[in-house]
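Enquirer: Pasting data.cif below, which is mmCIF, C-alpha atoms.
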data_protein
#
loop_
_atom_site.label_atom_id
_atom_site.label_comp_id
_atom_site.auth_asym_id
_atom_site.auth_seq_id
_atom_site.Cartn_x
_atom_site.Cartn_y
_atom_site.Cartn_z
CA MET A 1 30.67 -46.32 37.51
CA LYS A 2 31.71 -47.38 33.98
CA PRO A 3 29.06 -50.12 33.67
CA PHE A 4 26.48 -47.60 34.85
CA PHE A 5 27.36 -45.09 32.14
CA ALA A 6 27.49 -47.80 29.53
CA GLY A 7 23.99 -48.81 30.54
CA LEU A 8 22.86 -45.20 30.50
CA CYS A 9 24.19 -44.76 26.97
CA LEU A 10 22.26 -47.81 25.80
CA LEU A 11 19.14 -46.46 27.40
CA LEU A 12 19.69 -43.11 25.71
CA LEU A 13 19.31 -44.91 22.37
CA ALA A 14 16.07 -46.54 23.42
CA ASN A 15 12.63 -45.12 22.84
CA THR A 16 11.15 -43.00 25.62
CA VAL A 17 9.22 -45.14 28.03
CA GLY A 18 6.15 -43.62 29.60
CA ALA A 19 6.86 -44.90 33.08
CA ALA A 20 4.03 -44.95 35.55
CA ALA A 21 4.58 -43.16 38.86
CA THR A 22 3.90 -44.49 42.31
CA GLU A 23 3.18 -42.35 45.34
CA GLU A 24 5.76 -42.52 48.09
CA THR A 25 5.37 -40.77 51.43
CA VAL A 26 8.08 -39.84 53.89
CA ASN A 27 6.81 -39.03 57.37
CA LEU A 28 8.97 -36.44 59.09
CA ALA A 29 9.55 -35.85 62.79
CA SER A 30 7.58 -32.61 62.54
CA GLY A 31 4.49 -34.60 61.69
CA THR A 32 4.60 -33.51 58.07
CA ALA A 33 3.98 -36.19 55.49
CA VAL A 34 5.85 -35.43 52.27
CA THR A 35 4.44 -37.30 49.32
CA SER A 36 6.33 -37.70 46.08
CA HIS A 37 5.57 -39.16 42.70
CA ARG A 38 8.30 -41.74 42.19
CA PHE A 39 9.27 -42.76 38.68
CA ALA A 40 11.33 -45.91 39.07
CA GLY A 41 14.50 -46.07 37.04
CA GLN A 42 15.44 -49.14 35.11
CA ALA A 43 18.92 -49.21 36.61
CA SER A 44 18.51 -50.28 40.22
CA ARG A 45 21.83 -48.76 41.23
CA GLY A 46 21.51 -45.70 39.00
CA ALA A 47 21.30 -42.06 39.97
CA VAL A 48 18.29 -40.57 41.69
CA VAL A 49 16.82 -37.23 40.63
CA LEU A 50 15.06 -35.32 43.39
CA TRP A 51 12.84 -32.71 41.71
CA LEU A 52 11.50 -30.16 44.21
CA THR A 53 8.46 -28.21 43.05
CA GLY A 54 5.45 -26.47 44.49
CA GLN A 55 4.86 -22.91 43.37
CA ASP A 56 3.01 -23.96 40.25
CA GLY A 57 1.32 -27.06 41.53
CA ARG A 58 1.28 -30.27 39.55
CA LEU A 59 2.56 -29.73 36.04
CA GLU A 60 2.04 -32.36 33.40
CA GLU A 61 5.19 -31.21 31.62
CA GLU A 62 7.28 -32.02 34.69
CA HIS A 63 5.64 -35.40 35.07
CA ARG A 64 6.31 -36.15 31.41
CA ALA A 65 9.90 -35.09 31.83
CA ALA A 66 10.25 -37.28 34.92
CA ALA A 67 8.86 -40.23 32.98
CA TYR A 68 11.33 -39.53 30.18
CA LEU A 69 14.24 -39.42 32.60
CA SER A 70 13.14 -42.67 34.22
CA GLY A 71 13.17 -44.20 30.75
CA LEU A 72 16.83 -43.31 30.63
CA GLY A 73 17.42 -45.31 33.78
CA LEU A 74 17.18 -42.50 36.31
CA GLU A 75 14.88 -42.80 39.30
CA VAL A 76 12.95 -39.56 39.73
CA TRP A 77 11.15 -38.30 42.81
CA LEU A 78 8.85 -35.38 41.92
CA THR A 79 7.84 -33.64 45.13
CA ASP A 80 5.43 -30.78 45.66
CA TRP A 81 6.75 -28.99 48.72
CA LEU A 82 3.84 -26.62 49.29
CA ALA A 83 1.10 -29.24 49.46
CA PRO A 84 2.20 -30.83 52.78
CA TYR A 85 1.80 -27.48 54.51
CA PHE A 86 -1.36 -26.37 52.67
CA LEU A 87 0.54 -23.35 51.43
CA PRO A 88 -0.92 -21.43 48.50
CA GLN A 89 0.82 -21.86 45.18
CA ALA A 90 2.70 -18.58 45.23
CA ALA A 91 6.30 -17.48 45.33
CA PRO A 92 6.21 -16.24 48.95
CA SER A 93 5.09 -19.70 50.08
CA ILE A 94 8.43 -21.22 49.12
CA ALA A 95 10.21 -19.47 51.99
CA GLN A 96 7.74 -20.96 54.46
CA VAL A 97 8.82 -24.53 53.85
CA PRO A 98 10.73 -25.42 57.05
CA GLU A 99 14.42 -26.03 56.49
CA ALA A 100 14.46 -28.72 59.16
CA ASP A 101 11.95 -30.71 57.12
CA LEU A 102 13.94 -30.24 53.93
CA VAL A 103 17.08 -31.48 55.68
CA GLU A 104 15.36 -34.47 57.25
CA TRP A 105 13.77 -35.42 53.94
CA LEU A 106 17.10 -35.16 52.12
CA GLU A 107 18.68 -37.38 54.75
CA ALA A 108 15.84 -39.87 54.33
CA MET A 109 16.49 -39.87 50.59
CA ARG A 110 20.21 -40.35 51.15
CA GLN A 111 19.63 -43.29 53.42
CA ARG A 112 17.01 -44.85 51.21
CA HIS A 113 19.27 -44.58 48.17
CA ALA A 114 22.53 -45.27 49.97
CA GLY A 115 25.43 -45.46 47.58
CA ARG A 116 23.52 -43.93 44.68
CA PRO A 117 24.29 -40.42 43.43
CA LEU A 118 21.61 -37.80 44.01
CA VAL A 119 20.89 -34.86 41.71
CA LEU A 120 18.45 -32.13 42.67
CA VAL A 121 16.26 -30.17 40.23
CA ALA A 122 14.14 -27.07 40.76
CA SER A 123 12.97 -23.97 38.94
CA GLY A 124 12.30 -20.31 39.59
CA HIS A 125 11.71 -19.37 43.20
CA ALA A 126 11.67 -23.05 44.15
CA THR A 127 15.41 -23.21 43.44
CA THR A 128 15.91 -22.14 47.04
CA LEU A 129 14.49 -25.50 48.17
CA PRO A 130 17.33 -27.79 47.03
CA LEU A 131 19.90 -25.21 48.05
CA ARG A 132 18.43 -24.87 51.54
CA ALA A 133 18.16 -28.63 51.83
CA THR A 134 21.80 -29.25 50.98
CA ALA A 135 23.21 -26.30 52.92
CA GLY A 136 21.12 -27.27 55.94
CA TRP A 137 22.16 -30.89 55.62
CA GLN A 138 25.84 -29.96 55.53
CA SER A 139 25.39 -27.70 58.54
CA ARG A 140 23.62 -30.39 60.53
CA PHE A 141 25.72 -33.39 59.64
CA LYS A 142 29.05 -31.58 59.26
CA ALA A 143 29.85 -33.66 56.20
CA PRO A 144 30.35 -33.02 52.49
CA SER A 145 27.15 -32.59 50.54
CA PRO A 146 25.31 -35.83 49.86
CA VAL A 147 24.29 -34.68 46.39
CA ALA A 148 26.22 -34.75 43.14
CA GLY A 149 24.79 -31.39 42.15
CA ALA A 150 21.69 -29.43 41.25
CA VAL A 151 20.02 -28.28 38.06
CA LEU A 152 18.52 -24.82 38.51
CA LEU A 153 16.07 -23.63 35.88
CA TRP A 154 15.76 -19.83 35.68
CA PRO A 155 16.85 -19.45 39.31
CA LEU A 156 15.11 -16.51 40.97
CA LEU A 157 17.38 -15.93 43.91
CA TYR A 158 17.26 -12.17 44.35
CA GLN A 159 15.81 -10.83 47.56
CA ASP A 160 13.01 -8.58 46.27
CA PRO A 161 15.29 -6.38 44.17
CA GLU A 162 14.33 -2.73 44.20
CA PRO A 163 14.67 -1.00 40.86
CA GLY A 164 17.94 0.81 40.68
CA GLU A 165 19.41 -0.89 43.74
CA GLU A 166 22.22 -3.41 43.92
CA PRO A 167 20.59 -6.83 44.30
CA GLU A 168 20.89 -8.96 47.37
CA TYR A 169 20.89 -12.65 46.79
CA ASN A 170 19.08 -15.08 48.99
CA PRO A 171 21.57 -15.95 51.77
CA VAL A 172 21.51 -19.58 50.65
CA VAL A 173 23.60 -18.57 47.62
CA THR A 174 26.56 -17.87 49.88
CA GLN A 175 25.95 -21.10 51.82
CA THR A 176 25.97 -23.32 48.74
CA GLN A 177 28.97 -25.32 47.63
CA LEU A 178 27.67 -27.54 44.88
CA ASN A 179 28.16 -28.37 41.28
CA LEU A 180 25.37 -26.45 39.61
CA ALA A 181 23.86 -26.46 36.15
CA MET A 182 22.08 -23.14 35.63
CA LEU A 183 19.67 -23.07 32.70
CA VAL A 184 18.70 -19.48 31.87
CA PRO A 185 16.15 -18.58 29.20
CA MET A 186 17.50 -15.90 26.87
CA SER A 187 14.23 -13.92 26.89
CA SER A 188 14.31 -13.12 30.57
CA ALA A 189 15.64 -10.36 32.75
CA GLY A 190 17.71 -13.01 34.50
CA TYR A 191 19.62 -13.56 31.27
CA TRP A 192 21.29 -10.19 31.61
CA TRP A 193 22.35 -10.97 35.17
CA ARG A 194 23.35 -14.60 34.67
CA GLU A 195 27.06 -13.92 34.96
CA ALA A 196 26.57 -11.96 38.19
CA MET A 197 24.65 -14.87 39.68
CA ARG A 198 27.27 -17.33 38.53
CA ALA A 199 29.93 -15.16 40.15
CA ALA A 200 27.99 -15.06 43.41
CA PHE A 201 27.74 -18.86 43.49
CA GLU A 202 31.37 -19.36 42.55
CA ALA A 203 32.55 -16.88 45.16
CA ALA A 204 30.92 -19.12 47.75
CA GLY A 205 32.62 -22.24 46.42
CA SER A 206 30.14 -23.68 43.94
CA ARG A 207 31.06 -24.69 40.40
CA VAL A 208 28.58 -23.43 37.85
CA ARG A 209 27.94 -24.60 34.33
CA LEU A 210 25.77 -21.96 32.65
CA THR A 211 23.51 -22.75 29.70
CA VAL A 212 21.39 -20.21 27.86
CA LEU A 213 18.09 -21.43 26.40
CA PRO A 214 17.56 -19.35 23.25
CA GLY A 215 14.10 -18.18 22.28
CA LEU A 216 12.58 -19.12 25.63
CA ARG A 217 11.21 -17.19 28.59
CA ASP A 218 11.06 -18.04 32.27
CA ARG A 219 8.44 -20.73 32.96
CA PHE A 220 8.54 -21.60 29.27
CA TYR A 221 6.94 -25.00 29.73
CA HIS A 222 3.90 -23.81 31.64
CA ARG A 223 3.12 -20.30 30.48
CA GLY A 224 -0.45 -19.51 29.54
CA ASP A 225 0.90 -17.48 26.61
CA ALA A 226 3.53 -19.97 25.51
CA VAL A 227 4.51 -19.52 21.89
CA THR A 228 5.05 -22.41 19.50
CA GLN A 229 8.74 -22.75 20.28
CA GLU A 230 8.11 -22.75 24.02
CA GLN A 231 5.42 -25.39 23.67
CA ALA A 232 7.78 -27.52 21.61
CA GLU A 233 10.64 -27.16 24.08
CA GLY A 234 8.32 -27.77 26.99
CA ALA A 235 7.30 -31.05 25.43
CA ARG A 236 10.96 -32.11 25.43
CA LEU A 237 11.80 -30.85 28.91
CA GLY A 238 13.22 -34.23 29.86
CA GLU A 239 15.56 -34.17 26.86
CA ILE A 240 16.69 -30.69 27.89
CA LEU A 241 17.46 -31.78 31.46
CA ALA A 242 19.09 -35.14 30.73
CA PRO A 243 22.53 -34.00 29.53
CA HIS A 244 22.88 -31.57 32.44
CA ILE A 245 22.05 -34.30 34.94
CA THR A 246 24.53 -36.60 33.23
CA SER A 247 27.25 -33.94 33.39
CA LEU A 248 26.69 -33.35 37.09
CA LEU A 249 27.04 -37.08 37.74
CA LYS A 250 30.46 -37.05 36.09
CA GLU A 251 31.87 -34.08 37.92
CA THR A 252 34.00 -34.19 41.05
CA ARG A 253 32.58 -32.43 44.06
CA PRO A 254 33.75 -28.83 44.65
CA MET B 255 -10.00 -34.42 55.84
CA LYS B 256 -6.47 -33.14 55.30
CA ARG B 257 -6.83 -33.45 51.55
CA ALA B 258 -10.16 -31.56 51.65
CA LEU B 259 -8.60 -28.80 53.72
CA PHE B 260 -5.69 -28.59 51.28
CA TRP B 261 -8.02 -28.16 48.32
CA LEU B 262 -10.10 -25.59 50.22
CA VAL B 263 -7.06 -23.45 50.94
CA THR B 264 -5.74 -23.85 47.42
CA SER B 265 -9.11 -22.95 45.94
CA LEU B 266 -9.31 -19.83 48.09
CA ALA B 267 -5.84 -18.82 47.01
CA VAL B 268 -6.71 -19.35 43.36
CA ALA B 269 -9.98 -17.43 43.79
CA LEU B 270 -8.22 -14.55 45.47
CA ALA B 271 -5.63 -14.54 42.74
CA GLY B 272 -8.43 -13.92 40.27
CA PHE B 273 -9.13 -10.56 41.86
CA PRO B 274 -6.99 -7.72 40.58
CA ALA B 275 -3.78 -7.90 42.54
CA SER B 276 -2.81 -4.76 44.44
CA ALA B 277 -1.38 -2.76 41.56
CA ALA B 278 2.30 -2.04 41.20
CA GLN B 279 2.90 1.53 42.30
CA LEU B 280 5.35 4.25 41.54
CA LYS B 281 7.48 4.48 44.66
CA PRO B 282 9.29 7.64 45.65
CA THR B 283 13.01 7.16 45.89
CA LYS B 284 15.75 9.12 47.56
CA PRO B 285 16.81 11.51 44.79
CA ARG B 286 19.93 10.30 43.06
CA PRO B 287 21.53 11.10 39.73
CA ALA B 288 20.18 9.02 36.89
CA PRO B 289 22.80 6.79 35.26
CA GLU B 290 23.85 7.52 31.73
CA LEU B 291 21.36 6.69 29.02
CA ASN B 292 22.71 7.45 25.57
CA LEU B 293 21.34 5.03 23.01
CA PRO B 294 20.39 4.77 19.35
CA ARG B 295 16.75 5.09 18.42
CA LEU B 296 14.89 2.44 16.52
CA ASP B 297 13.83 5.06 13.97
CA GLY B 298 17.30 6.51 13.54
CA GLY B 299 19.44 8.95 15.40
CA GLY B 300 20.02 8.74 19.09
CA VAL B 301 18.89 10.04 22.46
CA ASN B 302 21.01 11.19 25.35
CA LEU B 303 19.17 11.58 28.65
CA ALA B 304 21.75 14.11 29.78
CA GLU B 305 20.54 16.47 27.04
CA LEU B 306 16.99 16.40 28.38
CA ARG B 307 17.59 18.53 31.46
CA GLY B 308 14.64 20.76 32.05
CA ARG B 309 12.25 17.96 31.11
CA VAL B 310 10.64 15.27 33.23
CA VAL B 311 11.55 11.93 31.69
CA LEU B 312 9.90 8.54 32.07
CA VAL B 313 12.59 5.94 31.43
CA ASN B 314 11.02 2.55 30.78
CA PHE B 315 12.91 -0.73 30.30
CA TRP B 316 10.96 -3.30 28.32
CA ALA B 317 11.01 -6.18 25.87
CA VAL B 318 8.56 -7.54 23.31
CA TRP B 319 8.72 -10.96 24.96
CA CYS B 320 7.48 -9.43 28.22
CA PRO B 321 3.63 -9.46 28.40
CA PRO B 322 3.23 -6.79 31.10
CA CYS B 323 5.62 -4.58 29.14
CA ARG B 324 3.37 -4.80 26.11
CA LYS B 325 0.29 -4.31 28.25
CA GLU B 326 1.30 -0.92 29.58
CA MET B 327 2.53 0.54 26.31
CA PRO B 328 -0.87 1.86 25.14
CA SER B 329 -1.26 3.78 28.40
CA MET B 330 2.23 5.20 27.93
CA GLU B 331 1.20 6.38 24.47
CA ARG B 332 -1.91 8.01 25.90
CA LEU B 333 0.20 9.69 28.56
CA SER B 334 2.63 10.92 25.92
CA ARG B 335 -0.19 12.45 23.90
CA MET B 336 -1.81 13.93 27.03
CA LEU B 337 1.39 15.77 27.93
CA ALA B 338 2.55 16.48 24.39
CA ASP B 339 2.82 20.21 24.98
CA ARG B 340 4.58 19.88 28.32
CA PRO B 341 8.29 19.39 29.06
CA PHE B 342 7.81 15.64 29.37
CA THR B 343 9.47 12.79 27.45
CA ILE B 344 9.08 9.03 27.48
CA LEU B 345 12.11 6.90 26.59
CA ALA B 346 11.39 3.19 26.15
CA SER B 347 14.67 1.28 26.25
CA ASN B 348 14.35 -2.16 24.69
CA ALA B 349 16.38 -4.93 26.30
CA GLY B 350 18.53 -6.53 23.66
CA GLU B 351 16.03 -7.28 20.91
CA SER B 352 16.54 -6.74 17.22
CA GLN B 353 14.57 -4.42 14.99
CA GLU B 354 13.05 -7.49 13.40
CA GLN B 355 11.70 -8.49 16.78
CA ILE B 356 10.46 -5.04 17.77
CA ARG B 357 8.83 -3.75 14.57
CA PRO B 358 5.99 -6.32 14.39
CA PHE B 359 4.89 -5.26 17.88
CA LEU B 360 4.98 -1.60 16.91
CA ALA B 361 2.89 -2.38 13.86
CA GLU B 362 0.20 -3.60 16.25
CA VAL B 363 0.74 -0.94 18.92
CA PRO B 364 1.95 2.26 17.25
CA LEU B 365 4.01 4.39 19.60
CA THR B 366 5.16 7.92 19.00
CA PHE B 367 7.75 8.18 21.78
CA PRO B 368 11.34 7.09 21.23
CA ILE B 369 12.17 3.40 21.30
CA LEU B 370 15.80 3.01 22.28
CA LEU B 371 17.98 0.00 21.49
CA ASP B 372 19.99 -1.31 24.44
CA GLN B 373 21.48 -4.11 22.41
CA ASP B 374 24.05 -5.38 24.89
CA SER B 375 21.99 -4.61 27.98
CA ALA B 376 24.68 -2.31 29.27
CA ARG B 377 22.13 0.30 30.24
CA MET B 378 19.94 -2.27 31.91
CA LYS B 379 22.84 -3.17 34.13
CA ALA B 380 23.82 0.42 34.77
CA TRP B 381 20.28 1.23 35.88
CA ARG B 382 20.11 -1.99 37.97
CA VAL B 383 17.05 -3.40 36.23
CA PHE B 384 16.22 -6.95 37.32
CA VAL B 385 12.69 -7.39 36.15
CA LEU B 386 10.78 -6.16 33.16
CA PRO B 387 9.10 -3.76 32.93
CA THR B 388 10.95 -1.40 35.21
CA SER B 389 10.42 2.36 35.03
CA PHE B 390 11.97 5.44 36.51
CA LEU B 391 10.76 9.03 36.67
CA VAL B 392 13.64 11.46 36.27
CA ASP B 393 13.11 15.09 37.27
CA LYS B 394 14.21 18.20 35.44
CA GLN B 395 17.57 18.15 37.21
CA GLY B 396 18.34 14.61 36.09
CA GLN B 397 17.56 13.01 39.45
CA ILE B 398 15.64 9.74 39.76
CA ARG B 399 12.61 10.52 41.93
CA TYR B 400 10.29 7.52 41.45
CA SER B 401 10.75 3.92 40.41
CA LEU B 402 8.51 0.99 39.60
CA SER B 403 8.90 -2.70 38.91
CA GLY B 404 5.84 -3.93 37.07
CA HIS B 405 3.22 -2.38 34.87
CA ILE B 406 0.64 0.30 35.54
CA GLU B 407 -1.84 2.41 33.65
CA TRP B 408 0.34 5.41 33.04
CA ASP B 409 -2.53 7.75 32.30
CA ALA B 410 -4.33 6.96 35.56
CA PRO B 411 -5.08 10.12 37.57
CA GLU B 412 -2.80 9.26 40.46
CA THR B 413 0.14 8.64 38.13
CA VAL B 414 -0.47 11.78 36.12
CA GLY B 415 -0.70 13.66 39.41
CA ILE B 416 2.81 12.51 40.37
CA ILE B 417 4.19 13.60 37.01
CA GLU B 418 2.38 16.94 37.23
CA LYS B 419 4.08 17.59 40.59
CA LEU B 420 7.48 16.98 39.02
CA LEU B 421 6.57 19.21 36.11
CA ALA B 422 5.62 21.97 38.52
CA GLU B 423 9.01 21.94 40.27
#
Could you render the structure from this file as structure tokens?

Expert:
Amino acid sequence: MKPFFAGLCLLLLANTVGAAATEETVNLASGTAVTSHRFAGQASRGAVVLWLTGQDGRLEEEHRAAAYLSGLGLEVWLTDWLAPYFLPQAAPSIAQVPEADLVEWLEAMRQRHAGRPLVLVASGHATTLPLRATAGWQSRFKAPSPVAGAVLLWPLLYQDPEPGEEPEYNPVVTQTQLNLAMLVPMSSAGYWWREAMRAAFEAAGSRVRLTVLPGLRDRFYHRGDAVTQEQAEGARLGEILAPHITSLLKETRP
Amino acid sequence: MKRALFWLVTSLAVALAGFPASAAQLKPTKPRPAPELNLPRLDGGGVNLAELRGRVVLVNFWAVWCPPCRKEMPSMERLSRMLADRPFTILASNAGESQEQIRPFLAEVPLTFPILLDQDSARMKAWRVFVLPTSFLVDKQGQIRYSLSGHIEWDAPETVGIIEKLLAE
């Protein structure tokens, strides 16, 4: 591991490289073809970032961030999980992604990148995707999680909270035992409930590192009404994610 | 063929999204005592919901950074003026923002009803508010009777009708 981190540090001092992406398709037993944009890392044995998206479609900011991360030596697979099922880009569509497919795809990634640490990334409602994938994988293979951890941006994991009612979290919260990096924008309702969500994850066995993003709202890097600060931070999304990914790679599994 | 079908479905979804979504609605709730709401006002002094028995109160949780919150404020002002001579009060509890953040918005959208400062979000938690805006209608006995996550036109006839029924109790 030490040579890997030494190499990563050197790469951190290098200029950002605008890496080109290639399309990679994994064909699942269900007949679903899951296509990802793969940004090859410069370190052939380095970590692999599996970024699960879909609700908002293709976002240039995420592609730029993936290219930035690949310039640091990380291999990034940016995968739209609604497109393979022709699901509309909407929050309710996320729940319709079959867990069996998520699990099989994660296993395919594990096998393809055998011996390399995996880190998952997702935002908003899509944060259920990496959590379902890992929980389902552990349930199926009866083995410790194959991933080093997950970065969750403004996780929206409440089950349709009714105003004035105690929230119910998505059941996957109680099934998750991962190292998690939760990034919560300060200008969001989720900010006020961040500690409650952290407690829910930790009660289930996860370890949570919580980071507040000051001056930002949910979806800050792709809001139609993004203010100057949000536009600026969105442009450096990769720089925002990098240290959290690095931290997860250093941590021992819960 | 698959790609064409994908884009057809996506285009339909986007097109449908352009139509006004089914509006958020005030939902009746099982009557329950409203939590405490005793906060300082932006313009000085304080407000205690418990001292407003005998009045129907619209309790609204909002923030300047929240676009739908800002959007519904003019209709809340119109509602307030419409019912100015009735036992009706609007309390807009701001979620954790400073006066410096709130005042520029009020310069653009002047409001005459109280703006409350929930600086540490304690009230937001007590009222179990998870999205902004969230609103509650509290009856004259201090019971929550309706709730809403999202924004509406508060002076729309159907909304005023609900408030009028509470006023008539």

Enquirer: Find the residues around stretch 199-206 of chain A up to 12 Å (all atoms listed in the file counted), leave out those fewer than 2 positions away in its own chain, and share them as a ChimeraX atom specification.

Expert: /A:131,135,145,148-150,155,157-158,167-182,193-197,208-210,252-254

Enquirer: Around the point (12.4, 15.9, 31.7), in the coordinates given by the file, pick out the residues reaching within 12 Å, counting all atoms listed in the file, and return them as a VMD selection string.

Expert: chain B and resid 288 302 to 313 337 340 to 345 390 to 399 417 to 418 420 to 423

Enquirer: Residues of chain A within 9 Å of chain B, counting all atoms listed in the file, what are they? List them as a PyMOL selection string.

Expert: chain A and resi 83-90+158+161-167+187-190+192-193+217+225

Enquirer: Could the residues in this selection be written to a file with C-alpha atoms, as a PDB file, in the frame of the given file?

Expert:
ATOM      1  CA  ALA A  83       1.100 -29.240  49.460  1.00  0.00           C
ATOM      2  CA  PRO A  84       2.200 -30.830  52.780  1.00  0.00           C
ATOM      3  CA  TYR A  85       1.800 -27.480  54.510  1.00  0.00           C
ATOM      4  CA  PHE A  86      -1.360 -26.370  52.670  1.00  0.00           C
ATOM      5  CA  LEU A  87       0.540 -23.350  51.430  1.00  0.00           C
ATOM      6  CA  PRO A  88      -0.920 -21.430  48.500  1.00  0.00           C
ATOM      7  CA  GLN A  89       0.820 -21.860  45.180  1.00  0.00           C
ATOM      8  CA  ALA A  90       2.700 -18.580  45.230  1.00  0.00           C
ATOM      9  CA  TYR A 158      17.260 -12.170  44.350  1.00  0.00           C
ATOM     10  CA  PRO A 161      15.290  -6.380  44.170  1.00  0.00           C
ATOM     11  CA  GLU A 162      14.330  -2.730  44.200  1.00  0.00           C
ATOM     12  CA  PRO A 163      14.670  -1.000  40.860  1.00  0.00           C
ATOM     13  CA  GLY A 164      17.940   0.810  40.680  1.00  0.00           C
ATOM     14  CA  GLU A 165      19.410  -0.890  43.740  1.00  0.00           C
ATOM     15  CA  GLU A 166      22.220  -3.410  43.920  1.00  0.00           C
ATOM     16  CA  PRO A 167      20.590  -6.830  44.300  1.00  0.00           C
ATOM     17  CA  SER A 187      14.230 -13.920  26.890  1.00  0.00           C
ATOM     18  CA  SER A 188      14.310 -13.120  30.570  1.00  0.00           C
ATOM     19  CA  ALA A 189      15.640 -10.360  32.750  1.00  0.00           C
ATOM     20  CA  GLY A 190      17.710 -13.010  34.500  1.00  0.00           C
ATOM     21  CA  TRP A 192      21.290 -10.190  31.610  1.00  0.00           C
ATOM     22  CA  TRP A 193      22.350 -10.970  35.170  1.00  0.00           C
ATOM     23  CA  ARG A 217      11.210 -17.190  28.590  1.00  0.00           C
ATOM     24  CA  ASP A 225       0.900 -17.480  26.610  1.00  0.00           C
TER      25      ASP A 225
END

Enquirer: Convert the output of the PyMOL selection byres ((chain A and resi 91) around 8) on the shown file into explicit residues, formatted as a PyMOL selection string.

Expert: chain A and resi 55+89-90+92-95+125-126

Enquirer: Work out how far apart atom CA of A:His222 and atom CA of A:Glu61 are and give it in Å to one decimal.

Expert: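 Between these atoms lies a distance of 7.5 Å.
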
Enquirer: Padding of 3 Å on every side, edges along x, y and z, all listed atoms of stretch 222-228 of chain A included: what centre and edge lengths in Å, to one decimal, does that box have, as AutoDock Vina command-line options?

Expert:
--center_x 2.3 --center_y -20.6 --center_z 25.6 --size_x 11.5 --size_y 12.3 --size_z 18.1

Enquirer: What do you get, as a PDB file with C-alpha atoms, in the coordinates of the input, if you spell out every residue that the PyMOL selection byres ((chain B and resi 408) around 6) selects here?

Expert:
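Saved the output as part.pdb:
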ATOM      1  CA  SER B 329      -1.260   3.780  28.400  1.00  0.00           C
ATOM      2  CA  MET B 330       2.230   5.200  27.930  1.00  0.00           C
ATOM      3  CA  ILE B 406       0.640   0.300  35.540  1.00  0.00           C
ATOM      4  CA  GLU B 407      -1.840   2.410  33.650  1.00  0.00           C
ATOM      5  CA  ASP B 409      -2.530   7.750  32.300  1.00  0.00           C
ATOM      6  CA  ALA B 410      -4.330   6.960  35.560  1.00  0.00           C
TER       7      ALA B 410
END

Enquirer: Just give me the residues with any atom within 8 Å of (4.6, -43.5, 49.1), file coordinates, counting only C-alpha atoms, written as a count of residues only.

Expert: 8

Enquirer: Can you measure atom CA of B:Lys284 to atom CA of B:Asn314 for me? One decimal in Å is fine.

Expert: 18.6 Å

Enquirer: Exactly which residues make up the result of the PyMOL selection byres ((chain A and resi 57) around 9) on this file, given as a VMD selection string?

Expert: chain A and resid 53 to 56 58 to 59 80 82 to 83 89

Enquirer: Please measure the separation of atom CA of A:Arg110 and atom CA of A:Pro146, giving the value in Å to one decimal.

Expert: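 Going from atom CA of A:Arg110 over to atom CA of A:Pro146, I get 6.9 Å.
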